[in-house]
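Peer 1: Dropping in protein.cif, with mmCIF, C-alpha atoms and all ligand atoms.
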```cif
data_final
#
loop_
_atom_site.label_atom_id
_atom_site.label_comp_id
_atom_site.auth_asym_id
_atom_site.auth_seq_id
_atom_site.Cartn_x
_atom_site.Cartn_y
_atom_site.Cartn_z
CA MET P 127 1.34 -2.77 11.54
CA SER P 128 1.87 -3.86 15.14
CA ASP P 129 2.43 -7.56 15.77
CA GLN P 130 -0.79 -7.79 17.78
CA ARG P 131 -2.79 -6.25 15.02
CA GLU P 132 -1.31 -8.52 12.38
CA LEU P 133 -2.03 -11.56 14.54
CA ILE P 134 -5.65 -10.51 15.03
CA LEU P 135 -6.23 -9.93 11.31
CA ASP P 136 -4.58 -13.24 10.38
CA ALA P 137 -6.82 -14.98 12.90
CA VAL P 138 -9.89 -13.24 11.42
CA ARG P 139 -8.98 -14.45 7.94
CA ALA P 140 -8.42 -17.98 9.22
CA TYR P 141 -11.76 -17.85 11.04
CA HIS P 142 -13.46 -16.76 7.84
CA ARG P 143 -11.95 -19.62 5.83
CA GLU P 144 -13.03 -22.13 8.45
CA ALA P 145 -16.59 -20.76 8.60
CA GLU P 146 -16.91 -20.79 4.81
CA ALA P 147 -15.46 -24.29 4.41
CA GLN P 148 -18.49 -25.69 6.21
CA ARG P 149 -20.83 -24.50 3.49
CA GLY P 150 -22.03 -26.84 0.75
CA PHE P 151 -25.11 -27.15 -1.43
CA VAL P 152 -27.63 -29.92 -0.86
CA PRO P 153 -30.63 -29.57 -3.23
CA GLY P 154 -33.87 -29.17 -1.36
CA VAL P 155 -32.07 -28.76 1.95
CA THR P 156 -29.74 -25.80 1.54
CA GLU P 157 -31.60 -22.51 1.42
CA ILE P 158 -31.23 -20.69 -1.92
CA TRP P 159 -31.67 -17.10 -0.84
CA PRO P 160 -33.09 -14.60 -3.30
CA SER P 161 -30.43 -12.12 -2.23
CA GLY P 162 -27.61 -11.71 0.20
CA ALA P 163 -24.20 -10.26 0.77
CA ALA P 164 -21.11 -11.79 -0.84
CA LEU P 165 -18.51 -11.35 1.87
CA ASP P 166 -14.97 -12.70 1.76
CA GLU P 167 -12.07 -12.74 4.19
CA ASP P 168 -10.93 -9.28 3.08
CA ASP P 169 -14.35 -7.85 3.95
CA ARG P 170 -14.29 -9.45 7.37
CA ALA P 171 -10.74 -8.23 7.98
CA ALA P 172 -11.64 -4.70 6.79
CA LEU P 173 -14.48 -4.53 9.30
CA VAL P 174 -12.31 -5.78 12.15
CA GLU P 175 -9.50 -3.40 11.17
CA ALA P 176 -11.88 -0.43 11.35
CA ALA P 177 -13.11 -1.70 14.71
CA LEU P 178 -9.53 -2.02 15.99
CA ASP P 179 -8.99 1.61 15.05
CA LEU P 180 -12.28 2.52 16.75
CA ARG P 181 -13.39 4.34 13.60
CA ILE P 182 -16.93 4.38 14.87
CA ALA P 183 -18.30 7.62 13.40
CA ALA P 184 -18.12 9.13 9.89
CA GLY P 185 -14.57 10.23 9.13
CA LYS P 186 -11.73 9.66 6.69
CA GLY P 187 -12.97 6.23 5.63
CA ALA P 188 -16.40 7.59 4.71
CA ARG P 189 -14.79 10.41 2.73
CA ARG P 190 -12.50 8.01 0.91
CA PHE P 191 -15.42 5.81 -0.03
CA GLU P 192 -17.36 8.84 -1.26
CA SER P 193 -14.58 9.98 -3.52
CA GLU P 194 -13.82 6.48 -4.90
CA PHE P 195 -17.46 5.69 -5.47
CA ALA P 196 -18.17 9.03 -7.15
CA ARG P 197 -15.25 8.42 -9.52
CA ARG P 198 -16.50 4.92 -10.19
CA LEU P 199 -20.00 6.13 -11.12
CA ARG P 200 -18.60 9.16 -12.99
CA ARG P 201 -20.24 11.74 -10.75
CA ARG P 202 -18.45 14.63 -9.13
CA LYS P 203 -19.83 14.06 -5.65
CA ALA P 204 -21.14 11.19 -3.56
CA HIS P 205 -22.59 11.52 -0.07
CA LEU P 206 -22.85 8.44 2.10
CA THR P 207 -26.06 7.89 4.01
CA ASN P 208 -27.33 5.31 6.47
CA SER P 209 -29.63 3.65 3.88
CA GLY P 210 -30.89 3.80 0.31
CA SER P 211 -34.20 5.08 1.66
CA SER P 212 -32.38 7.95 3.39
CA ALA P 213 -30.56 8.63 0.12
CA ASN P 214 -33.93 8.92 -1.66
CA LEU P 215 -35.28 11.17 1.08
CA LEU P 216 -32.23 13.42 0.84
CA ALA P 217 -32.18 13.54 -2.96
CA LEU P 218 -35.77 14.67 -3.19
CA SER P 219 -35.62 16.94 -0.13
CA ALA P 220 -32.61 18.70 -1.69
CA LEU P 221 -34.86 19.85 -4.52
CA THR P 222 -37.01 21.76 -2.03
CA SER P 223 -34.08 23.89 -0.84
CA HIS P 224 -34.46 27.67 -0.80
CA LEU P 225 -31.02 27.80 -2.41
CA LEU P 226 -32.63 26.68 -5.67
CA GLU P 227 -34.75 29.87 -5.57
CA ASP P 228 -37.51 29.73 -8.24
CA GLN P 229 -36.44 26.25 -9.30
CA ARG P 230 -37.24 24.70 -5.94
CA LEU P 231 -40.08 22.22 -5.49
CA LYS P 232 -42.96 23.60 -3.45
CA PRO P 233 -45.79 21.81 -1.62
CA GLY P 234 -48.39 20.64 -4.11
CA ASP P 235 -45.89 20.29 -6.97
CA GLU P 236 -45.97 16.96 -8.75
CA VAL P 237 -43.32 14.28 -9.15
CA ILE P 238 -43.81 11.51 -11.71
CA THR P 239 -43.05 8.01 -10.45
CA VAL P 240 -44.15 4.43 -11.08
CA ALA P 241 -46.89 2.54 -9.29
CA ALA P 242 -45.06 -0.81 -9.18
CA ALA P 243 -42.21 0.36 -7.01
CA PHE P 244 -40.31 0.13 -3.78
CA PRO P 245 -42.11 2.32 -1.22
CA THR P 246 -39.19 4.55 -0.36
CA THR P 247 -38.75 5.61 -3.98
CA VAL P 248 -42.16 7.25 -3.60
CA ASN P 249 -42.37 8.16 0.09
CA PRO P 250 -40.05 11.20 -0.06
CA ILE P 251 -42.54 12.77 -2.48
CA LEU P 252 -45.31 12.59 0.12
CA GLN P 253 -42.96 13.35 3.01
CA ASN P 254 -42.10 16.66 1.32
CA GLY P 255 -45.74 17.63 0.76
CA LEU P 256 -45.47 16.92 -2.97
CA VAL P 257 -47.87 14.89 -5.09
CA PRO P 258 -46.84 11.59 -6.69
CA VAL P 259 -48.09 11.04 -10.22
CA PHE P 260 -48.26 7.32 -10.81
CA VAL P 261 -47.69 5.73 -14.20
CA ASP P 262 -47.76 2.09 -15.19
CA VAL P 263 -44.82 -0.20 -16.00
CA GLU P 264 -44.25 -2.60 -18.88
CA LEU P 265 -44.21 -6.34 -18.39
CA LYS P 266 -40.87 -8.09 -19.09
CA THR P 267 -38.70 -5.01 -18.40
CA TYR P 268 -40.82 -3.89 -15.40
CA ASN P 269 -39.88 -0.28 -16.14
CA THR P 270 -42.06 2.54 -17.29
CA THR P 271 -41.53 4.08 -20.73
CA VAL P 272 -40.73 7.57 -21.94
CA ASP P 273 -44.19 7.77 -23.58
CA ARG P 274 -45.96 7.05 -20.32
CA VAL P 275 -43.86 9.64 -18.50
CA ALA P 276 -44.45 12.21 -21.26
CA GLN P 277 -48.22 11.68 -21.03
CA ALA P 278 -48.14 12.28 -17.29
CA ILE P 279 -46.56 15.75 -17.44
CA GLY P 280 -49.01 18.39 -16.24
CA PRO P 281 -48.77 22.09 -15.39
CA ARG P 282 -47.57 21.38 -11.81
CA THR P 283 -45.12 18.63 -12.69
CA ARG P 284 -41.61 19.52 -11.58
CA ALA P 285 -39.65 16.27 -11.30
CA ILE P 286 -39.38 12.60 -12.23
CA MET P 287 -38.21 10.05 -9.68
CA VAL P 288 -37.98 6.44 -10.83
CA ALA P 289 -35.92 3.34 -10.12
CA HIS P 290 -34.11 1.12 -12.61
CA ALA P 291 -36.28 -1.93 -11.95
CA LEU P 292 -34.39 -4.85 -10.44
CA GLY P 293 -31.18 -3.82 -12.19
CA ASN P 294 -32.77 -3.29 -15.60
CA PRO P 295 -32.30 0.31 -16.82
CA PHE P 296 -35.27 2.44 -17.76
CA GLN P 297 -34.98 4.46 -20.99
CA ALA P 298 -32.59 6.83 -19.29
CA THR P 299 -31.40 8.85 -22.31
CA GLU P 300 -34.94 9.54 -23.47
CA ILE P 301 -36.30 10.26 -20.00
CA ALA P 302 -33.38 12.60 -19.21
CA GLN P 303 -33.99 14.39 -22.52
CA LEU P 304 -37.71 14.68 -21.75
CA ALA P 305 -36.88 16.11 -18.32
CA LYS P 306 -34.59 18.66 -19.93
CA GLU P 307 -37.20 19.72 -22.51
CA HIS P 308 -39.82 20.27 -19.79
CA ASP P 309 -37.45 21.75 -17.22
CA LEU P 310 -38.01 18.91 -14.77
CA PHE P 311 -35.53 17.48 -12.29
CA LEU P 312 -34.68 13.81 -12.72
CA ILE P 313 -33.76 11.57 -9.79
CA GLU P 314 -32.59 8.06 -10.66
CA ASP P 315 -33.14 5.54 -7.91
CA ASN P 316 -30.16 3.38 -8.81
CA CYS P 317 -30.41 1.29 -5.64
CA ASP P 318 -30.88 -1.97 -7.54
CA ALA P 319 -28.78 -1.29 -10.61
CA VAL P 320 -25.20 -0.31 -9.76
CA GLY P 321 -23.02 -1.43 -12.67
CA ALA P 322 -25.78 -1.25 -15.30
CA THR P 323 -25.48 0.85 -18.46
CA TYR P 324 -27.91 2.39 -20.93
CA ASP P 325 -26.57 3.56 -24.28
CA GLY P 326 -23.17 2.58 -22.89
CA ARG P 327 -23.45 5.05 -20.02
CA ALA P 328 -23.67 4.12 -16.34
CA THR P 329 -27.10 4.27 -14.75
CA GLY P 330 -27.02 6.83 -12.00
CA SER P 331 -25.24 9.30 -14.27
CA PHE P 332 -28.29 10.53 -16.22
CA GLY P 333 -30.22 12.31 -13.49
CA ASP P 334 -29.59 15.51 -11.57
CA LEU P 335 -29.24 13.20 -8.60
CA SER P 336 -29.06 9.45 -8.17
CA THR P 337 -29.20 7.12 -5.20
CA VAL P 338 -27.74 3.78 -4.18
CA SER P 339 -28.45 1.29 -1.40
CA PHE P 340 -25.80 -0.77 0.36
CA TYR P 341 -28.18 -3.10 2.17
CA PRO P 342 -26.94 -6.72 1.88
CA ALA P 343 -29.34 -7.54 -0.96
CA HIS P 344 -27.66 -4.97 -3.21
CA HIS P 345 -24.66 -5.09 -5.53
CA LEU P 346 -22.31 -3.75 -2.83
CA THR P 347 -22.96 -3.89 0.85
CA MET P 348 -22.07 -2.04 4.03
CA GLY P 349 -24.72 -3.85 6.06
CA GLU P 350 -26.91 -0.79 6.09
CA GLY P 351 -26.01 2.22 3.97
CA GLY P 352 -26.70 4.28 0.92
CA CYS P 353 -25.41 7.13 -1.16
CA VAL P 354 -26.58 10.22 -3.05
CA LEU P 355 -24.61 11.13 -6.16
CA THR P 356 -24.61 14.24 -8.29
CA SER P 357 -22.35 16.24 -10.57
CA ASP P 358 -24.09 19.49 -9.67
CA LEU P 359 -21.98 21.08 -6.96
CA ALA P 360 -24.80 23.32 -5.73
CA LEU P 361 -27.05 20.29 -5.24
CA ALA P 362 -24.17 18.44 -3.56
CA ARG P 363 -23.84 21.22 -1.00
CA ILE P 364 -27.57 21.07 -0.26
CA VAL P 365 -27.49 17.28 0.10
CA GLU P 366 -24.56 17.55 2.50
CA SER P 367 -26.24 20.24 4.56
CA MET P 368 -29.51 18.31 4.81
CA ARG P 369 -27.70 15.07 5.62
CA ASP P 370 -25.65 16.78 8.36
CA TRP P 371 -28.38 18.31 10.55
CA GLY P 372 -29.07 21.15 8.09
CA ARG P 373 -25.91 23.00 9.01
CA ASP P 374 -24.54 25.76 6.83
CA CYS P 375 -20.91 24.95 7.65
CA TRP P 376 -19.12 22.36 5.49
CA CYS P 377 -16.12 21.55 7.72
CA GLU P 378 -15.71 17.81 8.17
CA PRO P 379 -15.89 16.50 11.75
CA GLY P 380 -12.62 17.39 13.42
CA GLU P 381 -12.02 20.32 11.05
CA SER P 382 -12.60 23.98 11.85
CA ASP P 383 -12.58 27.22 9.95
CA THR P 384 -11.82 25.80 6.48
CA CYS P 385 -13.65 28.87 5.10
CA LEU P 386 -11.37 31.15 7.18
CA LYS P 387 -14.37 33.12 8.38
CA ARG P 388 -15.94 30.85 10.97
CA PHE P 389 -16.73 33.78 13.29
CA LYS P 390 -17.47 36.35 10.61
CA TYR P 391 -20.89 35.33 9.32
CA GLN P 392 -24.16 37.06 9.92
CA MET P 393 -27.11 34.89 8.89
CA GLY P 394 -30.82 34.93 9.70
CA THR P 395 -31.37 37.17 12.68
CA LEU P 396 -28.41 35.74 14.57
CA PRO P 397 -25.86 38.05 16.09
CA ALA P 398 -22.93 38.81 13.81
CA GLY P 399 -20.05 36.39 14.29
CA TYR P 400 -22.20 33.52 15.56
CA ASP P 401 -20.14 30.29 15.20
CA HIS P 402 -20.71 29.07 11.62
CA LYS P 403 -20.42 25.47 12.83
CA TYR P 404 -23.78 25.98 14.53
CA ILE P 405 -25.65 27.96 11.92
CA PHE P 406 -28.46 25.96 10.30
CA SER P 407 -29.67 26.91 6.84
CA HIS P 408 -31.89 23.87 6.19
CA VAL P 409 -34.38 21.93 8.26
CA GLY P 410 -32.14 18.91 8.07
CA TYR P 411 -31.57 15.39 9.35
CA ASN P 412 -28.65 13.33 10.51
CA LEU P 413 -28.45 10.55 7.92
CA LYS P 414 -24.72 9.88 7.97
CA ALA P 415 -23.05 6.48 7.78
CA THR P 416 -19.99 5.46 9.79
CA ASP P 417 -16.39 4.63 8.94
CA LEU P 418 -17.11 1.05 9.97
CA GLN P 419 -19.65 0.87 7.16
CA ALA P 420 -17.31 2.65 4.76
CA ALA P 421 -14.50 0.20 5.55
CA LEU P 422 -16.70 -2.64 4.37
CA GLY P 423 -17.84 -0.58 1.37
CA LEU P 424 -14.26 0.11 0.29
CA SER P 425 -13.40 -3.56 0.48
CA GLN P 426 -16.55 -4.49 -1.46
CA LEU P 427 -15.93 -1.85 -4.11
CA THR P 428 -12.79 -3.65 -5.31
CA LYS P 429 -15.03 -6.59 -6.29
CA LEU P 430 -17.88 -4.71 -7.95
CA ASP P 431 -17.06 -5.85 -11.52
CA GLU P 432 -16.86 -9.44 -10.41
CA PHE P 433 -20.16 -9.19 -8.51
CA CYS P 434 -21.96 -7.69 -11.50
CA ALA P 435 -20.48 -10.30 -13.86
CA THR P 436 -21.69 -13.14 -11.62
CA ARG P 437 -25.15 -11.62 -11.39
CA ARG P 438 -25.29 -11.39 -15.19
CA ARG P 439 -24.04 -14.98 -15.58
CA ASN P 440 -26.62 -16.30 -13.12
CA TRP P 441 -29.39 -14.34 -14.81
CA ARG P 442 -28.41 -15.74 -18.24
CA ARG P 443 -28.29 -19.29 -16.89
CA LEU P 444 -31.83 -18.95 -15.51
CA ARG P 445 -33.04 -17.21 -18.67
CA GLU P 446 -31.64 -19.91 -20.97
CA GLY P 447 -32.73 -22.71 -18.66
CA LEU P 448 -36.31 -21.46 -18.50
CA ASP P 449 -36.64 -20.44 -22.13
CA GLY P 450 -39.73 -21.94 -23.73
CA VAL P 451 -41.41 -23.01 -20.47
CA PRO P 452 -45.13 -22.49 -21.10
CA TRP P 453 -47.19 -20.00 -19.07
CA LEU P 454 -44.19 -18.05 -17.85
CA ILE P 455 -43.51 -14.49 -18.97
CA LEU P 456 -39.73 -14.23 -18.75
CA PRO P 457 -37.79 -11.00 -18.17
CA GLU P 458 -36.07 -9.01 -20.90
CA ALA P 459 -33.37 -6.38 -20.81
CA THR P 460 -34.48 -2.92 -21.90
CA GLU P 461 -33.26 -2.32 -25.46
CA ARG P 462 -29.82 -0.64 -25.67
CA SER P 463 -29.08 -1.53 -22.07
CA ASP P 464 -26.70 -3.81 -20.22
CA PRO P 465 -28.50 -4.51 -16.95
CA SER P 466 -26.76 -5.29 -13.69
CA TRP P 467 -29.39 -7.70 -12.46
CA PHE P 468 -30.80 -7.60 -8.95
CA GLY P 469 -33.11 -10.57 -9.41
CA PHE P 470 -34.73 -12.82 -12.02
CA VAL P 471 -38.37 -11.81 -12.47
CA ILE P 472 -41.06 -14.24 -13.55
CA THR P 473 -44.69 -13.39 -14.25
CA VAL P 474 -47.15 -16.27 -14.38
CA ASP P 475 -49.49 -15.86 -17.34
CA PRO P 476 -52.98 -15.19 -15.93
CA GLN P 477 -54.31 -17.91 -18.28
CA ALA P 478 -51.94 -20.53 -16.80
CA PRO P 479 -53.51 -23.68 -15.35
CA PHE P 480 -51.73 -22.90 -12.06
CA SER P 481 -51.47 -19.86 -9.86
CA ARG P 482 -48.42 -17.80 -9.00
CA ALA P 483 -48.90 -18.82 -5.37
CA GLU P 484 -48.85 -22.54 -6.27
CA LEU P 485 -45.57 -22.08 -8.13
CA THR P 486 -43.91 -20.03 -5.38
CA ASP P 487 -45.17 -22.48 -2.72
CA HIS P 488 -43.56 -25.28 -4.71
CA LEU P 489 -40.26 -23.39 -4.94
CA GLU P 490 -40.31 -22.42 -1.28
CA SER P 491 -40.96 -26.07 -0.36
CA ARG P 492 -37.69 -26.83 -2.16
CA ARG P 493 -35.97 -24.12 -0.11
CA ILE P 494 -35.81 -21.75 -3.07
CA GLY P 495 -36.49 -18.26 -1.76
CA THR P 496 -38.89 -16.07 -3.72
CA ARG P 497 -39.73 -12.40 -3.40
CA ARG P 498 -42.48 -10.20 -4.79
CA LEU P 499 -41.70 -7.30 -7.10
CA PHE P 500 -41.60 -5.15 -4.01
CA ALA P 501 -44.94 -3.54 -3.29
CA GLY P 502 -46.66 -4.45 -6.57
CA ASN P 503 -49.13 -1.64 -7.18
CA LEU P 504 -48.29 0.75 -4.34
CA THR P 505 -51.53 2.69 -4.70
CA ARG P 506 -53.40 -0.35 -3.34
CA HIS P 507 -51.49 -0.39 -0.05
CA PRO P 508 -53.13 1.00 3.08
CA ALA P 509 -50.43 3.66 3.46
CA TYR P 510 -51.30 5.32 0.16
CA LEU P 511 -55.09 5.11 0.19
CA GLY P 512 -56.50 8.61 0.45
CA LYS P 513 -53.10 10.28 0.08
CA PRO P 514 -52.61 13.07 -2.47
CA GLN P 515 -51.85 11.50 -5.83
CA ARG P 516 -52.66 11.54 -9.52
CA VAL P 517 -52.81 8.40 -11.63
CA VAL P 518 -52.22 8.63 -15.36
CA GLY P 519 -53.57 5.83 -17.53
CA GLU P 520 -54.58 2.39 -16.34
CA LEU P 521 -52.28 0.67 -13.86
CA GLN P 522 -53.07 -2.62 -15.56
CA ASN P 523 -49.56 -4.06 -15.58
CA SER P 524 -48.89 -2.89 -12.03
CA ASP P 525 -52.00 -4.82 -11.00
CA LEU P 526 -50.85 -7.86 -12.94
CA VAL P 527 -47.48 -7.62 -11.18
CA THR P 528 -49.30 -7.49 -7.84
CA GLU P 529 -51.06 -10.77 -8.61
CA GLN P 530 -48.74 -12.71 -10.85
CA THR P 531 -45.11 -11.66 -10.45
CA PHE P 532 -42.24 -12.86 -8.28
CA TRP P 533 -38.48 -13.08 -8.50
CA VAL P 534 -35.69 -15.44 -7.54
CA GLY P 535 -32.07 -14.72 -6.79
CA VAL P 536 -29.07 -14.06 -9.04
CA TYR P 537 -26.74 -12.62 -6.38
CA PRO P 538 -23.15 -13.86 -6.28
CA GLY P 539 -23.94 -16.44 -3.58
CA ILE P 540 -25.97 -18.40 -6.17
CA THR P 541 -23.81 -21.10 -7.76
CA GLU P 542 -24.39 -22.75 -11.16
CA GLU P 543 -25.62 -25.83 -9.31
CA MET P 544 -28.18 -23.73 -7.45
CA ALA P 545 -29.34 -21.94 -10.59
CA ASP P 546 -29.77 -25.30 -12.33
CA TYR P 547 -31.78 -26.57 -9.38
CA VAL P 548 -34.08 -23.53 -9.65
CA VAL P 549 -34.56 -24.23 -13.37
CA THR P 550 -35.28 -27.93 -12.77
CA SER P 551 -37.71 -27.09 -9.97
CA VAL P 552 -39.70 -24.66 -12.11
CA ARG P 553 -39.71 -27.05 -15.07
CA ASP P 554 -40.79 -30.01 -12.88
CA PHE P 555 -43.67 -27.97 -11.50
CA VAL P 556 -44.94 -26.73 -14.87
CA LYS P 557 -44.61 -30.19 -16.46
CA GLY P 558 -46.79 -31.65 -13.70
CA ARG P 559 -49.69 -29.30 -14.57
C1 LIG P 601 -35.42 0.48 -5.74
C2 LIG P 601 -35.11 0.62 -4.28
N1 LIG P 601 -35.03 1.85 -3.75
C3 LIG P 601 -34.75 2.04 -2.45
C4 LIG P 601 -34.52 0.98 -1.62
C5 LIG P 601 -34.24 1.24 -0.16
O1 LIG P 601 -32.94 0.90 0.22
P1 LIG P 601 -32.63 0.62 1.78
O2 LIG P 601 -33.15 -0.72 2.10
O3 LIG P 601 -31.12 0.69 1.84
O4 LIG P 601 -33.28 1.70 2.55
C6 LIG P 601 -34.61 -0.33 -2.12
C7 LIG P 601 -34.40 -1.46 -1.20
O5 LIG P 601 -34.20 -2.58 -1.56
C8 LIG P 601 -34.91 -0.50 -3.48
O6 LIG P 601 -35.01 -1.72 -4.01
#
```
Using structure tokens, write down the structure from this file.
Ligand SMILES: Cc1ncc(COP(=O)(O)O)c(C=O)c1O
Peer 2:
Amino acid sequence: MSDQRELILDAVRAYHREAEAQRGFVPGVTEIWPSGAALDEDDRAALVEAALDLRIAAGKGARRFESEFARRLRRRKAHLTNSGSSANLLALSALTSHLLEDQRLKPGDEVITVAAAFPTTVNPILQNGLVPVFVDVELKTYNTTVDRVAQAIGPRTRAIMVAHALGNPFQATEIAQLAKEHDLFLIEDNCDAVGATYDGRATGSFGDLSTVSFYPAHHLTMGEGGCVLTSDLALARIVESMRDWGRDCWCEPGESDTCLKRFKYQMGTLPAGYDHKYIFSHVGYNLKATDLQAALGLSQLTKLDEFCATRRRNWRRLREGLDGVPWLILPEATERSDPSWFGFVITVDPQAPFSRAELTDHLESRRIGTRRLFAGNLTRHPAYLGKPQRVVGELQNSDLVTEQTFWVGVYPGITEEMADYVVTSVRDFVKGR
């Protein structure tokens, strides 16, 4: 490393330590965020190092992250994207590829999903001219169940696309088995659950495809970013093509002729020998992430176990601290799972002598950030009214979630002192009612 470079990176680390030293927790004054990035001096230095190298587009760093992350999640391939939403869009769009021949999803085919969801778990279904089939979730785990999914399967159903709710795995073994029996694709939206297991196996490794988000609220961050993972090499090729403008060529930027027949293809009605770099076999996008993002991701990846452990510890502290508080429905891990918590979900019993809004107002007044369980019942949002859809069963719990549910943070920036303050604040409020 050149002297200049070393000096700059040392200064960045020193700057980080100084900036962090000014932080302290004052109950009721310091903001307790529901989520946020946990960034240390190595992360800051990694970002600056990538900037010093001017690694501004996707390159070696992105590829290294992809291979390390795929290994980590026990998938053969990972493709970085610019967000978790883009990862969901790519994962589902890949299933419409002509390369899947008879297996491909066609307009009007159905995809089973849950009503109480994040919008971009569902949007790719509509964006691809497919029909979402909404099922309800359970309270306490906030996931749907294999029985509900089984009931929703109809003659046009071709896929299941669901998220592991707030880090809590859905019944992945059973749902993957159901998908197999009915010849359905399974996409796991693992954006909120990296590090979780079900039956001892990592979430994100059950589906044909799975997705991750690297937005700061998530277990690992790149600022913005996401990833599609799969062990199916044919699907991986499709994902890559659709992510990279729809091109047929698979040479990385800066590479040429890795297939040794760059000028020997004849595809579509193009003239023979048309440059393979510019032959497009999918109607694709450009959803790539940059090496700057990957540099941060690689640095964050070394701390994933620690991040997940802290999230679990914070969740347990809240769970134990709030145990027995009347009128609160507290969260529970799905049986046979080890969640990697995204947040701590609380549902206010509809019979409670106080409203959910009164409780969250009280917490917010103490600078404790609260969030809703994303959209609540998505079907009630303006964007989905009148859109093609099928609803199976009553969306009773999704409606309850819309009215009565919120969550508070467990991310690594939450200290024991903060968690205890959250517990005390909830207890104080309920006692006063
Ligand atoms: C379950 C789930 N899926 C997808 C996303 C979208 O990720 P991104 O914000 O990176 O687009 C989120 C965002 O928080 C999410 O919670």
Peer 1: Hey, can you check how far CA of Tyr324 (chain P) sits from CA of Met287 (chain P)?
Peer 2: 17.1 Å
Peer 1: Kindly provide, as JSON, the centre and edge lengths (Å, one decimal) of an axis-aligned box around all atoms of region 495-500 of chain P given in the file, with 3 Å on each side.
Peer 2:
```
{"center_x": -39.5, "center_y": -11.7, "center_z": -4.4, "size_x": 12.0, "size_y": 19.1, "size_z": 11.3}
```
Peer 1: My list of candidates is P:Pro342, P:Asn412, P:Ala163, P:Leu215. Which is closest to Ser367 (chain P) when distances are computed with only C-alpha atoms?
Peer 2: P:Asn412
Peer 1: Could you give me, as a VMD selection string, every polymer residue with an atom at most 7 Å away from an atom of ligand LIG 601 (chain P), counting only C-alpha atoms and all ligand atoms?
Peer 2: chain P and resid 209 to 212 214 243 to 244 246 to 247 289 291 315 to 318 339 to 341 343 350 to 352
Peer 1: Using only C-alpha atoms, find all polymer residues with an atom at most 12 Å away from the point (-11.0, -2.6, 13.1); report them as a PDB file with C-alpha atoms, in the frame of the given file.
Peer 2:
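Below you can see result34.pdb, which holds the result:
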```pdb
ATOM      1  CA  ARG P 131      -2.790  -6.250  15.020  1.00  0.00           C
ATOM      2  CA  GLU P 132      -1.310  -8.520  12.380  1.00  0.00           C
ATOM      3  CA  ILE P 134      -5.650 -10.510  15.030  1.00  0.00           C
ATOM      4  CA  LEU P 135      -6.230  -9.930  11.310  1.00  0.00           C
ATOM      5  CA  VAL P 138      -9.890 -13.240  11.420  1.00  0.00           C
ATOM      6  CA  ASP P 169     -14.350  -7.850   3.950  1.00  0.00           C
ATOM      7  CA  ARG P 170     -14.290  -9.450   7.370  1.00  0.00           C
ATOM      8  CA  ALA P 171     -10.740  -8.230   7.980  1.00  0.00           C
ATOM      9  CA  ALA P 172     -11.640  -4.700   6.790  1.00  0.00           C
ATOM     10  CA  LEU P 173     -14.480  -4.530   9.300  1.00  0.00           C
ATOM     11  CA  VAL P 174     -12.310  -5.780  12.150  1.00  0.00           C
ATOM     12  CA  GLU P 175      -9.500  -3.400  11.170  1.00  0.00           C
ATOM     13  CA  ALA P 176     -11.880  -0.430  11.350  1.00  0.00           C
ATOM     14  CA  ALA P 177     -13.110  -1.700  14.710  1.00  0.00           C
ATOM     15  CA  LEU P 178      -9.530  -2.020  15.990  1.00  0.00           C
ATOM     16  CA  ASP P 179      -8.990   1.610  15.050  1.00  0.00           C
ATOM     17  CA  LEU P 180     -12.280   2.520  16.750  1.00  0.00           C
ATOM     18  CA  ARG P 181     -13.390   4.340  13.600  1.00  0.00           C
ATOM     19  CA  ILE P 182     -16.930   4.380  14.870  1.00  0.00           C
ATOM     20  CA  GLY P 187     -12.970   6.230   5.630  1.00  0.00           C
ATOM     21  CA  ASP P 417     -16.390   4.630   8.940  1.00  0.00           C
ATOM     22  CA  LEU P 418     -17.110   1.050   9.970  1.00  0.00           C
ATOM     23  CA  GLN P 419     -19.650   0.870   7.160  1.00  0.00           C
ATOM     24  CA  ALA P 420     -17.310   2.650   4.760  1.00  0.00           C
ATOM     25  CA  ALA P 421     -14.500   0.200   5.550  1.00  0.00           C
ATOM     26  CA  LEU P 422     -16.700  -2.640   4.370  1.00  0.00           C
TER      27      LEU P 422
END
```
Peer 1: Measuring between all atoms listed in the file, which one of P:Thr337, P:Asn208, P:Gln515, P:Thr384 shows the shortest distance to His402 (chain P)?
Peer 2: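 Nearest candidate to His402 (chain P) out of P:Thr337, P:Asn208, P:Gln515, P:Thr384: P:Thr384.
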Peer 1: Between P:Thr550, P:Ser219, P:Ser407, P:Asn249, which has the minimum distance to Thr395 (chain P) (counting all atoms listed in the file)?
Peer 2: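 Closest to Thr395 (chain P), using all atoms listed in the file: P:Ser407.
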Peer 1: Per residue of region 237-295 of chain P within 12 Å of region 472-482 of chain P, which atom pair is closest and at what distance in Å (one decimal), using only C-alpha atoms, listed by chain and increasing number, as JSON lines?
Peer 2:
```
{"residue": "P:Glu264", "atom": "CA", "partner": "P:Thr473", "partner_atom": "CA", "distance": 11.7}
{"residue": "P:Leu265", "atom": "CA", "partner": "P:Thr473", "partner_atom": "CA", "distance": 8.2}
{"residue": "P:Lys266", "atom": "CA", "partner": "P:Thr473", "partner_atom": "CA", "distance": 8.1}
{"residue": "P:Thr267", "atom": "CA", "partner": "P:Ile472", "partner_atom": "CA", "distance": 10.7}
{"residue": "P:Tyr268", "atom": "CA", "partner": "P:Thr473", "partner_atom": "CA", "distance": 10.3}
{"residue": "P:Leu292", "atom": "CA", "partner": "P:Ile472", "partner_atom": "CA", "distance": 11.9}
```
